[in-house]
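Q: Pasting model-v3.csv here (CSV, C-alpha atoms):
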```
chain,number,residue,atom,x,y,z
E,1,MET,CA,-1.4,-4.5,-4.4
E,2,GLU,CA,-1.2,-7.8,-6.2
E,3,ASN,CA,1.4,-7.9,-9.0
E,4,PHE,CA,0.0,-7.4,-12.5
E,5,PHE,CA,-0.3,-10.7,-14.3
E,6,ARG,CA,1.2,-12.7,-11.4
E,7,ARG,CA,0.9,-12.8,-7.6
E,8,ARG,CA,4.1,-12.3,-5.7
E,9,VAL,CA,5.0,-15.3,-3.6
E,10,LEU,CA,5.0,-14.1,0.0
E,11,ALA,CA,8.0,-14.8,2.2
E,12,PRO,CA,7.2,-17.6,4.6
E,13,ALA,CA,8.4,-15.5,7.5
E,14,VAL,CA,8.5,-11.8,7.1
E,15,THR,CA,10.3,-11.2,10.3
E,16,THR,CA,13.2,-13.4,9.2
E,17,LEU,CA,13.5,-11.5,5.9
E,18,VAL,CA,13.4,-8.2,7.8
E,19,ALA,CA,16.2,-9.5,10.0
E,20,ALA,CA,18.2,-10.2,6.9
E,21,PHE,CA,18.8,-6.5,6.6
E,22,SER,CA,19.2,-5.9,10.3
E,23,GLY,CA,15.5,-5.8,11.1
E,24,SER,CA,15.3,-2.1,10.7
E,25,VAL,CA,16.4,0.9,8.8
E,26,SER,CA,17.6,3.4,11.4
E,27,THR,CA,18.1,7.1,10.9
E,28,ALA,CA,18.6,7.7,14.7
E,29,PRO,CA,21.9,9.2,15.9
E,30,ALA,CA,24.0,6.6,17.8
E,31,GLN,CA,23.5,8.4,21.1
E,32,ALA,CA,19.7,8.3,20.9
E,33,ALA,CA,18.6,6.1,23.8
E,34,THR,CA,15.0,5.6,22.7
E,35,PRO,CA,14.2,6.2,19.0
E,36,ASP,CA,10.7,6.4,17.8
E,37,ARG,CA,9.8,2.9,16.7
E,38,TYR,CA,7.9,2.9,13.4
E,39,VAL,CA,6.6,-0.3,11.8
E,40,ALA,CA,5.2,-0.3,8.2
E,41,LEU,CA,2.8,-3.1,7.5
E,42,GLY,CA,0.8,-4.1,4.4
E,43,ASP,CA,1.1,-4.8,0.8
E,44,SER,CA,3.2,-3.6,-2.2
E,45,TYR,CA,2.0,0.0,-1.9
E,46,SER,CA,3.9,0.1,1.4
E,47,SER,CA,6.8,-2.1,0.5
E,48,GLY,CA,7.7,0.1,-2.5
E,49,SER,CA,6.7,-1.8,-5.6
E,50,GLY,CA,6.6,0.4,-8.6
E,51,ALA,CA,9.6,2.4,-7.7
E,52,GLY,CA,12.0,0.5,-10.0
E,53,SER,CA,14.1,-0.9,-7.2
E,54,SER,CA,13.8,-3.7,-4.6
E,55,ASP,CA,17.1,-3.0,-3.0
E,56,LEU,CA,16.0,-3.9,0.5
E,57,ASP,CA,14.3,-7.2,-0.3
E,58,ALA,CA,13.5,-8.6,-3.8
E,59,ASP,CA,11.1,-11.2,-2.5
E,60,CYS,CA,8.8,-8.6,-1.0
E,61,ALA,CA,9.6,-5.7,-3.3
E,62,ARG,CA,10.9,-3.7,-0.4
E,63,SER,CA,12.6,-0.5,-1.5
E,64,THR,CA,14.5,2.5,-0.2
E,65,TYR,CA,12.1,4.5,-2.4
E,66,SER,CA,9.1,3.3,-0.4
E,67,TYR,CA,7.2,5.9,1.6
E,68,PRO,CA,8.1,4.2,4.9
E,69,TYR,CA,11.8,4.5,4.2
E,70,LEU,CA,11.4,8.1,3.1
E,71,VAL,CA,9.4,9.0,6.1
E,72,ALA,CA,11.9,7.5,8.5
E,73,SER,CA,14.7,9.2,6.7
E,74,GLN,CA,13.0,12.6,7.2
E,75,ARG,CA,12.3,12.1,10.9
E,76,PRO,CA,15.2,12.3,13.4
E,77,ASP,CA,15.5,9.6,16.0
E,78,THR,CA,13.3,7.2,14.0
E,79,GLU,CA,13.8,3.4,13.7
E,80,LEU,CA,11.9,1.8,10.8
E,81,THR,CA,10.9,-1.9,10.6
E,82,LEU,CA,9.6,-2.4,7.0
E,83,ALA,CA,7.4,-5.5,7.3
E,84,ALA,CA,5.2,-4.8,4.3
E,85,CYS,CA,5.4,-7.3,1.5
E,86,GLY,CA,4.2,-7.3,-2.0
E,87,GLY,CA,1.1,-9.5,-2.5
E,88,ALA,CA,0.0,-9.4,1.1
E,89,VAL,CA,-3.6,-9.8,2.1
E,90,THR,CA,-5.3,-9.0,5.4
E,91,SER,CA,-4.5,-12.5,6.8
E,92,ASP,CA,-0.8,-12.1,6.0
E,93,VAL,CA,-0.8,-9.0,8.2
E,94,THR,CA,-2.7,-10.7,11.0
E,95,ASP,CA,-0.8,-14.0,10.9
E,96,SER,CA,2.7,-12.8,10.5
E,97,GLN,CA,3.4,-9.1,9.9
E,98,VAL,CA,2.0,-8.0,13.3
E,99,ASN,CA,4.8,-9.9,14.9
E,100,ALA,CA,7.0,-7.0,14.1
E,101,LEU,CA,5.0,-4.9,16.5
E,102,THR,CA,5.7,-4.5,20.2
E,103,PRO,CA,4.2,-2.4,23.1
E,104,GLU,CA,7.0,0.0,22.4
E,105,THR,CA,6.0,0.6,18.8
E,106,LYS,CA,5.1,4.3,18.5
E,107,TYR,CA,3.9,4.5,14.9
E,108,VAL,CA,2.3,2.1,12.5
E,109,THR,CA,1.3,2.7,8.8
E,110,ILE,CA,-0.5,0.2,6.6
E,111,THR,CA,-2.0,-0.2,3.1
E,112,ILE,CA,-4.1,-3.3,2.8
E,113,GLY,CA,-7.2,-4.6,1.1
E,114,GLY,CA,-6.4,-4.3,-2.6
E,115,ASN,CA,-5.3,-7.9,-2.9
E,116,ASP,CA,-8.3,-9.1,-0.8
E,117,ILE,CA,-10.6,-7.8,-3.5
E,118,GLY,CA,-8.5,-9.0,-6.4
E,119,PHE,CA,-7.4,-5.7,-7.8
E,120,GLY,CA,-4.5,-7.2,-9.8
E,121,ASP,CA,-6.9,-9.6,-11.6
E,122,LEU,CA,-9.3,-6.6,-12.1
E,123,VAL,CA,-6.8,-4.4,-13.9
E,124,ARG,CA,-5.6,-7.4,-16.0
E,125,SER,CA,-9.2,-8.1,-17.0
E,126,CYS,CA,-9.9,-4.5,-17.9
E,127,THR,CA,-6.7,-4.4,-20.0
E,128,LEU,CA,-7.4,-7.5,-22.0
E,129,SER,CA,-11.2,-7.6,-22.3
E,130,ASP,CA,-14.6,-6.4,-20.9
E,131,CYS,CA,-14.3,-6.4,-17.2
E,132,THR,CA,-17.9,-5.6,-16.0
E,133,SER,CA,-18.3,-8.8,-14.2
E,134,THR,CA,-14.9,-8.6,-12.6
E,135,VAL,CA,-15.6,-5.1,-11.3
E,136,ASP,CA,-19.0,-6.3,-9.9
E,137,THR,CA,-17.2,-9.2,-8.2
E,138,SER,CA,-14.6,-6.9,-6.6
E,139,ASN,CA,-17.3,-4.4,-5.5
E,140,ALA,CA,-19.2,-7.3,-3.9
E,141,ARG,CA,-16.1,-8.4,-2.0
E,142,ILE,CA,-15.6,-4.8,-0.7
E,143,THR,CA,-19.1,-4.7,0.6
E,144,ASP,CA,-19.6,-8.3,1.8
E,145,GLU,CA,-16.1,-9.5,2.9
E,146,LEU,CA,-13.6,-6.8,3.4
E,147,PRO,CA,-15.1,-5.0,6.5
E,148,ALA,CA,-14.8,-8.1,8.7
E,149,LYS,CA,-11.3,-8.8,7.4
E,150,LEU,CA,-10.2,-5.3,8.2
E,151,ASP,CA,-11.7,-5.4,11.7
E,152,THR,CA,-9.8,-8.5,12.5
E,153,THR,CA,-6.5,-7.1,11.1
E,154,PHE,CA,-6.9,-3.8,12.9
E,155,ALA,CA,-7.7,-5.5,16.2
E,156,ALA,CA,-4.5,-7.6,15.8
E,157,ILE,CA,-2.5,-4.4,15.3
E,158,ARG,CA,-4.0,-2.7,18.3
E,159,SER,CA,-3.4,-5.8,20.5
E,160,LYS,CA,0.3,-5.9,19.6
E,161,ALA,CA,0.9,-2.2,19.7
E,162,PRO,CA,-1.6,-0.8,22.2
E,163,SER,CA,-0.2,2.7,22.4
E,164,ALA,CA,0.8,3.3,18.8
E,165,THR,CA,-0.5,5.9,16.5
E,166,VAL,CA,-1.8,3.9,13.6
E,167,ALA,CA,-2.4,5.4,10.1
E,168,VAL,CA,-4.4,3.5,7.5
E,169,LEU,CA,-3.7,4.8,4.0
E,170,GLY,CA,-6.1,4.6,1.1
E,171,TYR,CA,-5.3,3.8,-2.5
E,172,PRO,CA,-5.2,6.5,-5.1
E,173,ARG,CA,-7.4,6.6,-8.2
E,174,PRO,CA,-5.1,5.6,-11.1
E,175,PHE,CA,-7.1,7.2,-13.9
E,176,ALA,CA,-8.5,10.6,-14.9
E,177,ASP,CA,-11.0,9.7,-17.7
E,178,ARG,CA,-8.5,10.0,-20.5
E,179,THR,CA,-6.9,7.3,-22.6
E,180,CYS,CA,-3.2,7.1,-23.4
E,181,SER,CA,-0.5,4.5,-24.4
E,182,ALA,CA,0.4,4.0,-20.7
E,183,ALA,CA,-3.0,2.3,-20.1
E,184,PRO,CA,-3.6,0.2,-23.2
E,185,GLY,CA,-7.1,-1.4,-23.5
E,186,VAL,CA,-8.5,0.6,-20.6
E,187,THR,CA,-11.2,2.8,-22.1
E,188,VAL,CA,-12.7,5.8,-20.4
E,189,ALA,CA,-15.7,3.7,-19.3
E,190,LYS,CA,-13.4,1.1,-17.8
E,191,GLN,CA,-11.4,3.9,-16.1
E,192,THR,CA,-14.5,5.3,-14.5
E,193,ALA,CA,-15.6,1.9,-13.2
E,194,LEU,CA,-12.1,1.3,-11.8
E,195,ASN,CA,-11.9,4.7,-10.1
E,196,ASN,CA,-15.4,4.2,-8.6
E,197,LEU,CA,-14.2,0.9,-7.3
E,198,VAL,CA,-11.2,2.4,-5.7
E,199,ASP,CA,-13.4,5.0,-4.1
E,200,ASN,CA,-15.6,2.2,-2.7
E,201,LEU,CA,-12.5,0.5,-1.3
E,202,ASP,CA,-11.2,3.7,0.3
E,203,ALA,CA,-14.6,4.4,1.8
E,204,VAL,CA,-14.6,1.1,3.6
E,205,LEU,CA,-10.9,1.6,4.7
E,206,ALA,CA,-11.8,5.0,6.1
E,207,ASP,CA,-14.9,3.6,7.9
E,208,ARG,CA,-13.1,0.6,9.5
E,209,ALA,CA,-10.1,2.7,10.4
E,210,GLN,CA,-12.3,5.2,12.2
E,211,ALA,CA,-14.1,2.4,14.0
E,212,ALA,CA,-10.8,1.0,15.2
E,213,GLY,CA,-9.7,4.4,16.4
E,214,PHE,CA,-7.0,4.8,13.7
E,215,ALA,CA,-6.2,7.7,11.5
E,216,TYR,CA,-7.1,7.5,7.8
E,217,GLY,CA,-5.1,9.1,5.0
E,218,ASN,CA,-6.7,9.9,1.7
E,219,PRO,CA,-4.0,10.0,-1.1
E,220,ASN,CA,-6.3,11.4,-3.8
E,221,PRO,CA,-5.8,15.1,-3.3
E,222,ALA,CA,-2.0,14.7,-3.8
E,223,TRP,CA,-2.7,12.4,-6.8
E,224,ALA,CA,-4.8,15.0,-8.7
E,225,GLY,CA,-3.2,15.8,-12.0
E,226,HIS,CA,-0.8,12.8,-11.6
E,227,ASP,CA,-2.8,9.9,-13.1
E,228,VAL,CA,-1.2,7.3,-15.3
E,229,CYS,CA,-1.6,9.5,-18.3
E,230,ALA,CA,-0.1,12.6,-16.8
E,231,SER,CA,3.3,14.1,-17.7
E,232,THR,CA,4.4,13.4,-14.1
E,233,PRO,CA,2.5,10.3,-13.1
E,234,PHE,CA,2.3,9.2,-9.5
E,235,THR,CA,1.0,5.8,-10.7
E,236,ASN,CA,2.7,3.6,-13.3
E,237,GLY,CA,0.7,2.4,-16.2
E,238,LEU,CA,1.3,-0.9,-17.9
E,239,MET,CA,5.0,-1.8,-17.9
E,240,ILE,CA,5.7,-4.7,-20.2
E,241,SER,CA,9.3,-5.0,-19.2
E,242,ALA,CA,8.4,-5.0,-15.4
E,243,LEU,CA,4.9,-6.2,-15.1
E,244,GLY,CA,5.0,-6.4,-11.3
E,245,GLU,CA,5.6,-2.6,-11.3
E,246,SER,CA,2.4,-1.9,-13.3
E,247,TYR,CA,-0.3,0.2,-11.6
E,248,HIS,CA,1.8,0.9,-8.5
E,249,PRO,CA,3.1,4.2,-7.3
E,250,THR,CA,6.1,5.7,-9.1
E,251,ARG,CA,9.0,7.1,-7.2
E,252,ALA,CA,7.3,10.5,-7.5
E,253,GLY,CA,4.1,9.0,-6.1
E,254,TYR,CA,5.9,7.6,-3.0
E,255,ALA,CA,8.0,10.8,-2.5
E,256,SER,CA,5.5,13.5,-3.2
E,257,GLY,CA,2.2,11.6,-2.7
E,258,TYR,CA,2.4,9.2,0.2
E,259,THR,CA,5.3,10.6,2.1
E,260,PRO,CA,3.8,14.0,2.8
E,261,LEU,CA,0.5,12.3,3.6
E,262,VAL,CA,2.1,10.1,6.2
E,263,ARG,CA,4.1,13.0,7.7
E,264,SER,CA,0.8,14.9,8.1
E,265,LEU,CA,-0.6,12.0,10.1
E,266,ILE,CA,2.3,11.0,12.3
E,267,GLY,CA,4.6,14.0,12.2
```
Just give me the structure as structure tokens.

A:
Amino acid sequence: MENFFRRRVLAPAVTTLVAAFSGSVSTAPAQAATPDRYVALGDSYSSGSGAGSSDLDADCARSTYSYPYLVASQRPDTELTLAACGGAVTSDVTDSQVNALTPETKYVTITIGGNDIGFGDLVRSCTLSDCTSTVDTSNARITDELPAKLDTTFAAIRSKAPSATVAVLGYPRPFADRTCSAAPGVTVAKQTALNNLVDNLDAVLADRAQAAGFAYGNPNPAWAGHDVCASTPFTNGLMISALGESYHPTRAGYASGYTPLVRSLIG
């Protein structure tokens, strides 16, 4: 999603930045003639923000701790193109990221929509002050604007990769109705409102994914007991020293939350 307190400046050409690290992360043996081509699209929840490393691409917060990289590393004969970029909205996927897809692409995963509804501004508002109006605005965007944007994005994906298995991943609820130092200023009432908003967002993602003929992955069963206040959180709380990592998956969240979910959907 959008960086906390600031929006990441998107790379002007994602495919160029991907090419800067050879265009793909391959775990296929040298003799494999036709590896499974896997392209990961979307925002910071797919690029790897929150994991404490941007070792593949700092501009887009692409990380070897991201779930796409971990999934590709676990699958033999798989070639990954990590096109996801922190700060991306649906139009970024439609206008540029889909250029990483080809008719030979076998698998596609995506997290998208959080930035379209202003989730970064929402969490900032709930940290610093009353956020009732901001929550209402984001919920209205989910209802009134996001479905059409997702339909356009999903149609672009299918057009570029007509035979691919496409998995749309939801966003996990960050809170569990308990306060702690990891989430300063976010009262139980605000947590409930934010969790309900995430549920609304995920419901639209699931609905439009189904309409497009795509699979949908719900991360919340894996996130149960791993909220920002848990002893082993799957989502970071507020990180003053690394604000862009705030309220993104931790390394454990990517490894034990999203990665098994993706494996259940694409194998």

Q: Excluding segment 264-266 of chain E and residues on its chain fewer than 3 positions from it, collect all residues at most 9 Å away from it, counting all atoms listed in the file, and give them as number ranges by chain.

A: E: 107-108, 165-167, 215-217, 259-261

Q: Just to be explicit: take each residue in the selection above, keep C-alpha atoms, and write the result as a PDB file, in the coordinates of the input.

A:
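Printed below is selection-v3.pdb as written:
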```
ATOM      1  CA  TYR E 107       3.900   4.500  14.900  1.00  0.00           C
ATOM      2  CA  VAL E 108       2.300   2.100  12.500  1.00  0.00           C
ATOM      3  CA  THR E 165      -0.500   5.900  16.500  1.00  0.00           C
ATOM      4  CA  VAL E 166      -1.800   3.900  13.600  1.00  0.00           C
ATOM      5  CA  ALA E 167      -2.400   5.400  10.100  1.00  0.00           C
ATOM      6  CA  ALA E 215      -6.200   7.700  11.500  1.00  0.00           C
ATOM      7  CA  TYR E 216      -7.100   7.500   7.800  1.00  0.00           C
ATOM      8  CA  GLY E 217      -5.100   9.100   5.000  1.00  0.00           C
ATOM      9  CA  THR E 259       5.300  10.600   2.100  1.00  0.00           C
ATOM     10  CA  PRO E 260       3.800  14.000   2.800  1.00  0.00           C
ATOM     11  CA  LEU E 261       0.500  12.300   3.600  1.00  0.00           C
TER      12      LEU E 261
END
```

Q: So which one's closest to Val93 of chain E, E:Thr34, E:Thr153, E:Thr179, E:Ser47? Using all atoms listed in the file, please.

A: E:Thr153

Q: Identify, on the basis of all atoms listed in the file, every residue whose closest approach to segment 157-163 of chain E does not exceed 8 Å; exclude the query and any residue fewer than 3 positions from it along the same chain; express the result as a PyMOL selection string.

A: chain E and resi 94+98-99+101-106+153-154

Q: Let me make sure I understand: among E:Gly120, E:Pro174, E:Gly257, E:Pro219, which one has the smallest atom-to-atom distance to Thr192 of chain E if we use all atoms listed in the file?

A: E:Pro174

Q: Which distance in Å separates atom CA of Ala193 of chain E and atom CA of Ile117 of chain E, to one decimal?

A: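 Rounded to one decimal, the two atoms are 14.6 Å apart.
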
Q: Can you pull out every residue within 10 Å of Arg62 of chain E, counting only C-alpha atoms, but drop anything in the same chain fewer than 6 positions away, and send it as a list of chain:residue names?

A: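 So the residues in contact are E:Val18, E:Asp43, E:Ser44, E:Tyr45, E:Ser46, E:Ser47, E:Gly48, E:Ser49, E:Ala51, E:Ser53, E:Ser54, E:Asp55, E:Leu56, E:Pro68, E:Tyr69, E:Leu82, E:Ala83, E:Ala84, E:Cys85, E:Gly86.
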
Q: Which neighbours of Ile142 of chain E fall inside 8 Å, counting all atoms listed in the file, when residues of the same chain fewer than 6 positions from it are skipped, and could you give them as number ranges by chain?

A: E: 117, 200-201, 204

Q: Could those selected residues go to a file with C-alpha atoms, as a PDB file, in the frame of the given file?

A:
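Listed below is the output, part-v5.pdb:
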```
ATOM      1  CA  ILE E 117     -10.600  -7.800  -3.500  1.00  0.00           C
ATOM      2  CA  ASN E 200     -15.600   2.200  -2.700  1.00  0.00           C
ATOM      3  CA  LEU E 201     -12.500   0.500  -1.300  1.00  0.00           C
ATOM      4  CA  VAL E 204     -14.600   1.100   3.600  1.00  0.00           C
TER       5      VAL E 204
END
```

Q: I'd like to know which of E:Gln74, E:Ser91, E:Thr64, E:Thr235 is closest to Ala183 of chain E, using all atoms listed in the file.

A: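 Of E:Gln74, E:Ser91, E:Thr64, E:Thr235, the one nearest Ala183 of chain E, counting all atoms listed in the file, is E:Thr235.
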
Q: Pick the closest to Cys60 of chain E from E:Leu41, E:Val186, E:Asn196, E:Asp77: which is it, counting all atoms listed in the file?

A: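 Ranking E:Leu41, E:Val186, E:Asn196, E:Asp77 by distance to Cys60 of chain E, first place goes to E:Leu41.
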